[in-house]
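The data block below is entry-v1.pdb; it holds PDB, C-alpha atoms, pLDDT in the B column.
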ATOM      1  CA  MET A   1      16.115   7.921 -17.303  1.00 98.00           C
ATOM      2  CA  ARG A   2      13.988  11.057 -17.359  1.00 98.00           C
ATOM      3  CA  VAL A   3      12.549  12.775 -14.272  1.00 99.00           C
ATOM      4  CA  GLU A   4      10.118  15.621 -14.934  1.00 99.00           C
ATOM      5  CA  LEU A   5       8.371  17.670 -12.272  1.00 99.00           C
ATOM      6  CA  LEU A   6       4.721  18.032 -13.298  1.00 99.00           C
ATOM      7  CA  PHE A   7       3.517  19.902 -10.216  1.00 99.00           C
ATOM      8  CA  VAL A   8       4.743  21.184  -6.878  1.00 99.00           C
ATOM      9  CA  THR A   9       2.772  23.104  -4.280  1.00 99.00           C
ATOM     10  CA  PRO A  10       3.348  26.794  -5.072  1.00 98.00           C
ATOM     11  CA  GLU A  11       5.341  28.604  -2.371  1.00 98.00           C
ATOM     12  CA  ALA A  12       5.598  25.318  -0.497  1.00 98.00           C
ATOM     13  CA  GLU A  13       7.955  26.608   2.203  1.00 98.00           C
ATOM     14  CA  ALA A  14       5.654  29.530   3.025  1.00 97.00           C
ATOM     15  CA  LEU A  15       2.657  27.204   3.220  1.00 97.00           C
ATOM     16  CA  ILE A  16       4.465  24.705   5.458  1.00 98.00           C
ATOM     17  CA  ALA A  17       5.674  27.445   7.806  1.00 97.00           C
ATOM     18  CA  ARG A  18       2.229  28.998   8.002  1.00 95.00           C
ATOM     19  CA  CYS A  19       0.697  25.621   8.865  1.00 96.00           C
ATOM     20  CA  ALA A  20       3.354  25.050  11.522  1.00 95.00           C
ATOM     21  CA  ARG A  21       2.657  28.420  13.141  1.00 94.00           C
ATOM     22  CA  VAL A  22      -1.017  27.593  13.636  1.00 92.00           C
ATOM     23  CA  SER A  23      -0.152  25.386  16.619  1.00 85.00           C
ATOM     24  CA  HIS A  24       1.670  28.246  18.433  1.00 77.00           C
ATOM     25  CA  ARG A  25      -0.159  31.303  17.072  1.00 75.00           C
ATOM     26  CA  SER A  26       3.167  32.753  16.041  1.00 77.00           C
ATOM     27  CA  GLN A  27       4.000  35.066  13.132  1.00 77.00           C
ATOM     28  CA  GLY A  28       6.767  34.865  10.560  1.00 74.00           C
ATOM     29  CA  SER A  29       8.703  37.709   8.992  1.00 78.00           C
ATOM     30  CA  GLY A  30       9.523  36.359   5.551  1.00 86.00           C
ATOM     31  CA  MET A  31      11.186  33.539   3.657  1.00 92.00           C
ATOM     32  CA  GLU A  32      14.334  33.257   5.787  1.00 93.00           C
ATOM     33  CA  ASP A  33      12.247  33.080   8.956  1.00 94.00           C
ATOM     34  CA  ASP A  34      10.072  30.390   7.317  1.00 95.00           C
ATOM     35  CA  ARG A  35      13.145  28.391   6.326  1.00 96.00           C
ATOM     36  CA  ARG A  36      14.637  28.618   9.828  1.00 96.00           C
ATOM     37  CA  LEU A  37      11.385  27.287  11.255  1.00 96.00           C
ATOM     38  CA  ILE A  38      11.261  24.384   8.788  1.00 97.00           C
ATOM     39  CA  ARG A  39      14.888  23.439   9.494  1.00 97.00           C
ATOM     40  CA  LYS A  40      14.146  23.467  13.230  1.00 97.00           C
ATOM     41  CA  LEU A  41      11.039  21.296  12.817  1.00 97.00           C
ATOM     42  CA  ILE A  42      12.958  18.772  10.709  1.00 98.00           C
ATOM     43  CA  SER A  43      15.828  18.667  13.224  1.00 97.00           C
ATOM     44  CA  LEU A  44      13.295  17.945  15.995  1.00 96.00           C
ATOM     45  CA  GLY A  45      11.565  15.256  13.930  1.00 96.00           C
ATOM     46  CA  HIS A  46       8.314  17.234  13.701  1.00 95.00           C
ATOM     47  CA  GLU A  47       7.689  16.545  10.020  1.00 97.00           C
ATOM     48  CA  SER A  48       3.876  16.268   9.935  1.00 97.00           C
ATOM     49  CA  VAL A  49       3.566  19.847   8.646  1.00 98.00           C
ATOM     50  CA  LEU A  50       5.509  18.785   5.547  1.00 98.00           C
ATOM     51  CA  GLU A  51       2.456  16.760   4.527  1.00 98.00           C
ATOM     52  CA  HIS A  52       0.731  19.981   3.414  1.00 98.00           C
ATOM     53  CA  ALA A  53       2.993  20.275   0.345  1.00 99.00           C
ATOM     54  CA  VAL A  54       3.050  17.799  -2.533  1.00 99.00           C
ATOM     55  CA  ALA A  55       4.977  17.099  -5.713  1.00 99.00           C
ATOM     56  CA  THR A  56       4.118  15.105  -8.828  1.00 99.00           C
ATOM     57  CA  PHE A  57       6.788  13.584 -11.070  1.00 99.00           C
ATOM     58  CA  GLU A  58       6.622  11.834 -14.425  1.00 99.00           C
ATOM     59  CA  ILE A  59       9.410   9.267 -14.577  1.00 99.00           C
ATOM     60  CA  SER A  60      10.398   7.369 -17.720  1.00 98.00           C
ATOM     61  CA  GLY A  61      13.234   5.178 -18.926  1.00 98.00           C
ATOM     62  CA  ILE A  62      13.518   3.202 -15.685  1.00 99.00           C
ATOM     63  CA  SER A  63      13.293  -0.572 -15.525  1.00 99.00           C
ATOM     64  CA  ARG A  64      10.237  -2.354 -14.214  1.00 98.00           C
ATOM     65  CA  ALA A  65      12.548  -3.672 -11.485  1.00 98.00           C
ATOM     66  CA  CYS A  66      13.158  -0.087 -10.362  1.00 99.00           C
ATOM     67  CA  ALA A  67       9.454   0.761 -10.646  1.00 98.00           C
ATOM     68  CA  ASN A  68       8.620  -2.248  -8.473  1.00 98.00           C
ATOM     69  CA  GLN A  69      10.914  -0.901  -5.753  1.00 98.00           C
ATOM     70  CA  LEU A  70       9.476   2.604  -6.005  1.00 98.00           C
ATOM     71  CA  THR A  71       5.828   1.551  -5.893  1.00 97.00           C
ATOM     72  CA  ARG A  72       6.380  -0.186  -2.560  1.00 96.00           C
ATOM     73  CA  HIS A  73       6.082   3.263  -0.972  1.00 97.00           C
ATOM     74  CA  ARG A  74       2.432   2.994  -0.031  1.00 93.00           C
ATOM     75  CA  LEU A  75       1.869   6.611   1.009  1.00 96.00           C
ATOM     76  CA  ALA A  76       2.602   7.826  -2.508  1.00 98.00           C
ATOM     77  CA  SER A  77       0.175   7.629  -5.427  1.00 98.00           C
ATOM     78  CA  PHE A  78       1.222   6.008  -8.693  1.00 98.00           C
ATOM     79  CA  VAL A  79       0.012   5.453 -12.242  1.00 98.00           C
ATOM     80  CA  GLN A  80       2.246   3.162 -14.303  1.00 98.00           C
ATOM     81  CA  GLU A  81       2.182   2.381 -18.001  1.00 96.00           C
ATOM     82  CA  SER A  82       0.150  -0.801 -18.381  1.00 94.00           C
ATOM     83  CA  GLN A  83       1.574  -3.758 -20.255  1.00 93.00           C
ATOM     84  CA  ARG A  84      -2.011  -5.039 -20.493  1.00 92.00           C
ATOM     85  CA  TYR A  85      -2.924  -2.220 -22.870  1.00 91.00           C
ATOM     86  CA  VAL A  86       0.304  -0.800 -24.302  1.00 91.00           C
ATOM     87  CA  ASN A  87       2.357  -2.611 -26.935  1.00 89.00           C
ATOM     88  CA  VAL A  88       5.924  -2.385 -25.631  1.00 89.00           C
ATOM     89  CA  GLU A  89       7.634  -3.086 -28.962  1.00 87.00           C
ATOM     90  CA  ASP A  90       9.448   0.289 -28.878  1.00 92.00           C
ATOM     91  CA  ARG A  91      10.736  -0.094 -25.306  1.00 93.00           C
ATOM     92  CA  GLU A  92      14.416  -0.642 -24.635  1.00 96.00           C
ATOM     93  CA  LEU A  93      16.325  -2.584 -22.009  1.00 98.00           C
ATOM     94  CA  VAL A  94      17.969  -0.675 -19.146  1.00 98.00           C
ATOM     95  CA  ARG A  95      21.690  -1.440 -18.925  1.00 98.00           C
ATOM     96  CA  PRO A  96      23.152  -2.146 -15.483  1.00 98.00           C
ATOM     97  CA  PRO A  97      26.589  -0.515 -15.085  1.00 97.00           C
ATOM     98  CA  THR A  98      28.063  -3.839 -13.943  1.00 97.00           C
ATOM     99  CA  PHE A  99      27.464  -5.475 -17.346  1.00 98.00           C
ATOM    100  CA  SER A 100      30.539  -5.763 -19.547  1.00 98.00           C
ATOM    101  CA  ASP A 101      30.100  -4.927 -23.230  1.00 98.00           C
ATOM    102  CA  GLU A 102      30.041  -8.649 -23.989  1.00 98.00           C
ATOM    103  CA  ASP A 103      27.401  -9.332 -21.323  1.00 98.00           C
ATOM    104  CA  TRP A 104      25.347  -6.391 -22.547  1.00 98.00           C
ATOM    105  CA  GLU A 105      25.365  -7.651 -26.139  1.00 98.00           C
ATOM    106  CA  LYS A 106      24.181 -11.074 -24.951  1.00 98.00           C
ATOM    107  CA  ALA A 107      21.447  -9.467 -22.836  1.00 98.00           C
ATOM    108  CA  ARG A 108      20.311  -7.308 -25.759  1.00 97.00           C
ATOM    109  CA  ALA A 109      20.204 -10.344 -28.051  1.00 98.00           C
ATOM    110  CA  LEU A 110      18.018 -12.213 -25.556  1.00 98.00           C
ATOM    111  CA  PHE A 111      15.823  -9.136 -25.208  1.00 97.00           C
ATOM    112  CA  GLN A 112      15.356  -8.924 -28.985  1.00 97.00           C
ATOM    113  CA  GLU A 113      14.341 -12.602 -29.011  1.00 98.00           C
ATOM    114  CA  ALA A 114      11.862 -11.955 -26.205  1.00 97.00           C
ATOM    115  CA  LYS A 115      10.375  -9.024 -28.153  1.00 96.00           C
ATOM    116  CA  LYS A 116      10.070 -11.186 -31.281  1.00 97.00           C
ATOM    117  CA  LEU A 117       8.256 -13.854 -29.296  1.00 97.00           C
ATOM    118  CA  TYR A 118       6.053 -11.159 -27.719  1.00 96.00           C
ATOM    119  CA  GLN A 119       5.050  -9.859 -31.167  1.00 96.00           C
ATOM    120  CA  ALA A 120       4.511 -13.411 -32.472  1.00 97.00           C
ATOM    121  CA  LEU A 121       2.210 -14.161 -29.555  1.00 97.00           C
ATOM    122  CA  LEU A 122       0.253 -10.964 -30.212  1.00 96.00           C
ATOM    123  CA  SER A 123      -0.095 -11.863 -33.895  1.00 97.00           C
ATOM    124  CA  LYS A 124      -1.588 -15.226 -32.840  1.00 98.00           C
ATOM    125  CA  GLY A 125      -4.220 -13.409 -30.810  1.00 97.00           C
ATOM    126  CA  VAL A 126      -2.652 -13.854 -27.390  1.00 97.00           C
ATOM    127  CA  PRO A 127      -3.718 -10.861 -25.233  1.00 96.00           C
ATOM    128  CA  LYS A 128      -1.030  -8.326 -24.267  1.00 95.00           C
ATOM    129  CA  GLU A 129      -1.640  -9.172 -20.612  1.00 95.00           C
ATOM    130  CA  ASP A 130      -0.448 -12.733 -21.316  1.00 97.00           C
ATOM    131  CA  ALA A 131       2.190 -12.014 -23.973  1.00 96.00           C
ATOM    132  CA  ARG A 132       3.983  -9.711 -21.504  1.00 96.00           C
ATOM    133  CA  PHE A 133       5.049 -12.750 -19.459  1.00 97.00           C
ATOM    134  CA  VAL A 134       8.011 -13.242 -21.809  1.00 97.00           C
ATOM    135  CA  LEU A 135       9.388  -9.733 -21.174  1.00 97.00           C
ATOM    136  CA  PRO A 136      12.272  -9.152 -18.728  1.00 97.00           C
ATOM    137  CA  MET A 137      12.290  -6.973 -15.591  1.00 97.00           C
ATOM    138  CA  GLY A 138      14.887  -4.746 -17.248  1.00 98.00           C
ATOM    139  CA  ILE A 139      12.419  -3.407 -19.850  1.00 98.00           C
ATOM    140  CA  GLU A 140      11.783   0.340 -19.682  1.00 98.00           C
ATOM    141  CA  THR A 141       8.587   1.708 -18.206  1.00 98.00           C
ATOM    142  CA  ARG A 142       7.105   5.056 -17.261  1.00 98.00           C
ATOM    143  CA  LEU A 143       5.000   6.217 -14.365  1.00 98.00           C
ATOM    144  CA  VAL A 144       3.646   9.205 -12.493  1.00 99.00           C
ATOM    145  CA  LEU A 145       4.277   9.590  -8.762  1.00 99.00           C
ATOM    146  CA  THR A 146       2.566  12.033  -6.405  1.00 99.00           C
ATOM    147  CA  ALA A 147       3.545  12.303  -2.751  1.00 99.00           C
ATOM    148  CA  ASN A 148       3.635  14.819   0.044  1.00 99.00           C
ATOM    149  CA  PHE A 149       6.979  16.228   1.167  1.00 99.00           C
ATOM    150  CA  ARG A 150       7.129  14.073   4.293  1.00 99.00           C
ATOM    151  CA  GLU A 151       6.747  10.886   2.257  1.00 99.00           C
ATOM    152  CA  LEU A 152       9.184  12.161  -0.365  1.00 99.00           C
ATOM    153  CA  ARG A 153      11.752  12.710   2.393  1.00 99.00           C
ATOM    154  CA  HIS A 154      11.148   9.134   3.570  1.00 98.00           C
ATOM    155  CA  ILE A 155      11.583   7.775   0.023  1.00 99.00           C
ATOM    156  CA  LEU A 156      14.773   9.788  -0.471  1.00 98.00           C
ATOM    157  CA  ARG A 157      16.304   8.743   2.866  1.00 98.00           C
ATOM    158  CA  LEU A 158      15.858   5.072   1.942  1.00 97.00           C
ATOM    159  CA  ARG A 159      16.601   5.235  -1.767  1.00 98.00           C
ATOM    160  CA  LEU A 160      19.629   7.537  -1.615  1.00 98.00           C
ATOM    161  CA  HIS A 161      21.334   5.214   0.853  1.00 96.00           C
ATOM    162  CA  ARG A 162      24.384   3.369  -0.431  1.00 94.00           C
ATOM    163  CA  SER A 163      22.675   0.008   0.188  1.00 95.00           C
ATOM    164  CA  ALA A 164      19.952   0.832  -2.378  1.00 97.00           C
ATOM    165  CA  GLN A 165      20.317  -0.479  -5.917  1.00 97.00           C
ATOM    166  CA  TRP A 166      22.142   1.820  -8.374  1.00 97.00           C
ATOM    167  CA  GLU A 167      19.124   2.619 -10.551  1.00 98.00           C
ATOM    168  CA  ILE A 168      16.775   3.724  -7.787  1.00 98.00           C
ATOM    169  CA  ARG A 169      19.643   5.657  -6.181  1.00 98.00           C
ATOM    170  CA  GLU A 170      20.095   7.605  -9.405  1.00 98.00           C
ATOM    171  CA  LEU A 171      16.345   8.191  -9.634  1.00 99.00           C
ATOM    172  CA  ALA A 172      16.241   9.420  -6.022  1.00 99.00           C
ATOM    173  CA  ARG A 173      19.236  11.706  -6.655  1.00 98.00           C
ATOM    174  CA  ARG A 174      17.487  13.330  -9.619  1.00 99.00           C
ATOM    175  CA  MET A 175      14.274  13.748  -7.636  1.00 99.00           C
ATOM    176  CA  TRP A 176      16.249  15.302  -4.762  1.00 99.00           C
ATOM    177  CA  GLU A 177      17.859  17.839  -7.119  1.00 98.00           C
ATOM    178  CA  VAL A 178      14.433  18.985  -8.328  1.00 99.00           C
ATOM    179  CA  LEU A 179      12.901  19.098  -4.846  1.00 99.00           C
ATOM    180  CA  TYR A 180      15.898  20.913  -3.361  1.00 99.00           C
ATOM    181  CA  ALA A 181      15.590  23.585  -6.063  1.00 98.00           C
ATOM    182  CA  CYS A 182      11.879  24.060  -5.239  1.00 98.00           C
ATOM    183  CA  ALA A 183      12.018  23.946  -1.431  1.00 98.00           C
ATOM    184  CA  PRO A 184      15.614  23.915  -0.150  1.00 98.00           C
ATOM    185  CA  SER A 185      14.808  24.019   3.561  1.00 98.00           C
ATOM    186  CA  CYS A 186      12.695  20.874   3.242  1.00 99.00           C
ATOM    187  CA  PHE A 187      15.386  18.771   1.565  1.00 99.00           C
ATOM    188  CA  GLU A 188      18.820  20.307   2.263  1.00 98.00           C
ATOM    189  CA  ASP A 189      19.601  17.929   5.137  1.00 97.00           C
ATOM    190  CA  LEU A 190      19.596  15.065   2.589  1.00 98.00           C
ATOM    191  CA  ARG A 191      22.393  16.654   0.531  1.00 96.00           C
ATOM    192  CA  ALA A 192      25.144  14.371   1.864  1.00 94.00           C
ATOM    193  CA  LEU A 193      23.161  11.286   0.851  1.00 94.00           C
ATOM    194  CA  ALA A 194      22.325  12.767  -2.548  1.00 94.00           C
ATOM    195  CA  GLU A 195      25.925  13.666  -3.314  1.00 92.00           C
ATOM    196  CA  THR A 196      27.425  10.338  -2.259  1.00 85.00           C
ATOM    197  CA  ARG A 197      28.389   8.335  -5.327  1.00 71.00           C
ATOM    198  CA  GLU A 198      28.813   4.586  -5.104  1.00 63.00           C
ATOM    199  CA  GLU A 199      32.064   3.229  -6.448  1.00 52.00           C
ATOM    200  CA  ARG A 200      31.570   0.353  -8.900  1.00 47.00           C
TER     201      ARG A 200
END
Represent the structure from my file as structure tokens, please.
Amino acid sequence: MRVELLFVTPEAEALIARCARVSHRSQGSGMEDDRRLIRKLISLGHESVLEHAVATFEISGISRACANQLTRHRLASFVQESQRYVNVEDRELVRPPTFSDEDWEKARALFQEAKKLYQALLSKGVPKEDARFVLPMGIETRLVLTANFRELRHILRLRLHRSAQWEIRELARRMWEVLYACAPSCFEDLRALAETREER
């Protein structure tokens, strides 16, 4: 799994604080004042000002099952690698941590058979969009996600929770680490969720 930040609003905390102050005609006195204001707004549930900052991630090496969960977040924007146009011969299978070595070897063998069938179908002239039907949900994919900070907080609150599946929890944890480094006051209250590791 690879999570790369492609873009984040420059000086996001300063922008958010400035936007928040418009409603009260107040003035700030620097970064610490801005961060105090953002923490207060988040604690009061006034998160609409967070919508003025955005981040864009390129995510690769996740399963299509994980991507399907992520793309359910309708207030984010996504572009995903298309199996209609891209030959997925070089893609691997994502290994769930619950698979024993024996189970994993069986899964990989089935995956190799599916890829052989996929290539055979392509060589017979079957379009990629139809040949892909033999591929499993565990096959790797890549996508780009753009969302504002409010929506990213929503995604992280849901996907860092212990009831979320292991793969999307790990993805959310990596996204949180990047976002926290860029705008700590906007994401620090999610630290406990991000640092909770599920026992397997």
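Of note, CA of Phe78 in chain A and CA of Asp189 in chain A are spaced 25.9 Å apart.
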Using the chain letters and numbers from the file, give me the residues hit by the PyMOL selection byres ((chain A and resi 58-72) around 6), as a PyMOL selection string.
-> chain A and resi 1-4+57+73-74+94+137-144+168
Keeping C-alpha atoms for every residue in the selection just given, could you write it to a file as a short mmCIF file (atom, residue, chain, number, x, y, z; two decimals), in the frame of the given file?
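Just written: part_32.cif:
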data_model
loop_
_atom_site.label_atom_id
_atom_site.label_comp_id
_atom_site.auth_asym_id
_atom_site.auth_seq_id
_atom_site.Cartn_x
_atom_site.Cartn_y
_atom_site.Cartn_z
CA MET A 1 16.11 7.92 -17.30
CA ARG A 2 13.99 11.06 -17.36
CA VAL A 3 12.55 12.78 -14.27
CA GLU A 4 10.12 15.62 -14.93
CA PHE A 57 6.79 13.58 -11.07
CA HIS A 73 6.08 3.26 -0.97
CA ARG A 74 2.43 2.99 -0.03
CA VAL A 94 17.97 -0.68 -19.15
CA MET A 137 12.29 -6.97 -15.59
CA GLY A 138 14.89 -4.75 -17.25
CA ILE A 139 12.42 -3.41 -19.85
CA GLU A 140 11.78 0.34 -19.68
CA THR A 141 8.59 1.71 -18.21
CA ARG A 142 7.10 5.06 -17.26
CA LEU A 143 5.00 6.22 -14.36
CA VAL A 144 3.65 9.20 -12.49
CA ILE A 168 16.77 3.72 -7.79
#
For CA of Ala17 in chain A and CA of Ile38 in chain A, the interatomic separation in Å (one decimal) = 6.4 Å
For the structure shown, which residues end up in the PyMOL selection byres ((chain A and resi 153-167) around 8)? Put them as a PDB file with C-alpha atoms, keeping the file's coordinate frame, please?
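Writing the result to out.pdb gives the following:
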ATOM      1  CA  ILE A  62      13.518   3.202 -15.685  1.00 99.00           C
ATOM      2  CA  CYS A  66      13.158  -0.087 -10.362  1.00 99.00           C
ATOM      3  CA  HIS A  73       6.082   3.263  -0.972  1.00 97.00           C
ATOM      4  CA  PRO A  96      23.152  -2.146 -15.483  1.00 98.00           C
ATOM      5  CA  PHE A 149       6.979  16.228   1.167  1.00 99.00           C
ATOM      6  CA  ARG A 150       7.129  14.073   4.293  1.00 99.00           C
ATOM      7  CA  GLU A 151       6.747  10.886   2.257  1.00 99.00           C
ATOM      8  CA  LEU A 152       9.184  12.161  -0.365  1.00 99.00           C
ATOM      9  CA  ILE A 168      16.775   3.724  -7.787  1.00 98.00           C
ATOM     10  CA  ARG A 169      19.643   5.657  -6.181  1.00 98.00           C
ATOM     11  CA  GLU A 170      20.095   7.605  -9.405  1.00 98.00           C
ATOM     12  CA  LEU A 171      16.345   8.191  -9.634  1.00 99.00           C
ATOM     13  CA  ALA A 172      16.241   9.420  -6.022  1.00 99.00           C
ATOM     14  CA  ARG A 173      19.236  11.706  -6.655  1.00 98.00           C
ATOM     15  CA  TRP A 176      16.249  15.302  -4.762  1.00 99.00           C
ATOM     16  CA  PHE A 187      15.386  18.771   1.565  1.00 99.00           C
ATOM     17  CA  LEU A 190      19.596  15.065   2.589  1.00 98.00           C
ATOM     18  CA  LEU A 193      23.161  11.286   0.851  1.00 94.00           C
ATOM     19  CA  ALA A 194      22.325  12.767  -2.548  1.00 94.00           C
ATOM     20  CA  THR A 196      27.425  10.338  -2.259  1.00 85.00           C
ATOM     21  CA  GLU A 198      28.813   4.586  -5.104  1.00 63.00           C
TER      22      GLU A 198
END
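Here the selection is built from all atoms listed in the file, and the residues within 9 Å of (5.7, -13.2, -26.2) turn out to be Ala114, Lys115, Lys116, Leu117, Tyr118, Gln119, Ala120, Leu121, Leu122, Val126, Lys128, Asp130, Ala131, Arg132, Phe133, Val134 and Leu135 of chain A.
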Would you work out the distance separating CA of Ala53 in chain A from CA of Arg18 in chain A, expressed in Å to one decimal?
-> 11.6 Å
Counting only C-alpha atoms, the option among A:Leu15, A:Val88, A:Ala107, A:Leu6 closest to Met175 in chain A = A:Leu6
Give me the result of the PyMOL selection byres ((chain A and resi 19-34) around 10) on this file, residue by residue, as a list of chain:residue names.
-> A:Glu11, A:Glu13, A:Ala14, A:Leu15, A:Ile16, A:Ala17, A:Arg18, A:Arg35, A:Arg36, A:Leu37, A:Ile38, A:Arg39, A:Lys40, A:Leu41, A:His46, A:Glu47, A:Ser48, A:Val49, A:Leu50, A:His52, A:Ser185
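For the set A:Pro136, A:Val178, A:Ser43, A:Glu129, the residue with the smallest atom-to-atom gap to Gln83 in chain A is A:Glu129, counting all atoms listed in the file.
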Quick one: what's the axis-aligned box for range 122-139 of chain A, all listed atoms, 8 Å on every side, centre and edges in Å to one decimal, as lines of an AutoDock Vina configuration file?
center_x = 5.3
center_y = -9.3
center_z = -24.7
size_x = 35.1
size_y = 27.8
size_z = 34.3
Kindly indicate which residue among A:Asp90, A:Ala12, A:Ala76, A:Arg108 lies nearest to Asn148 in chain A, using all atoms listed in the file for the distances.
-> A:Ala76
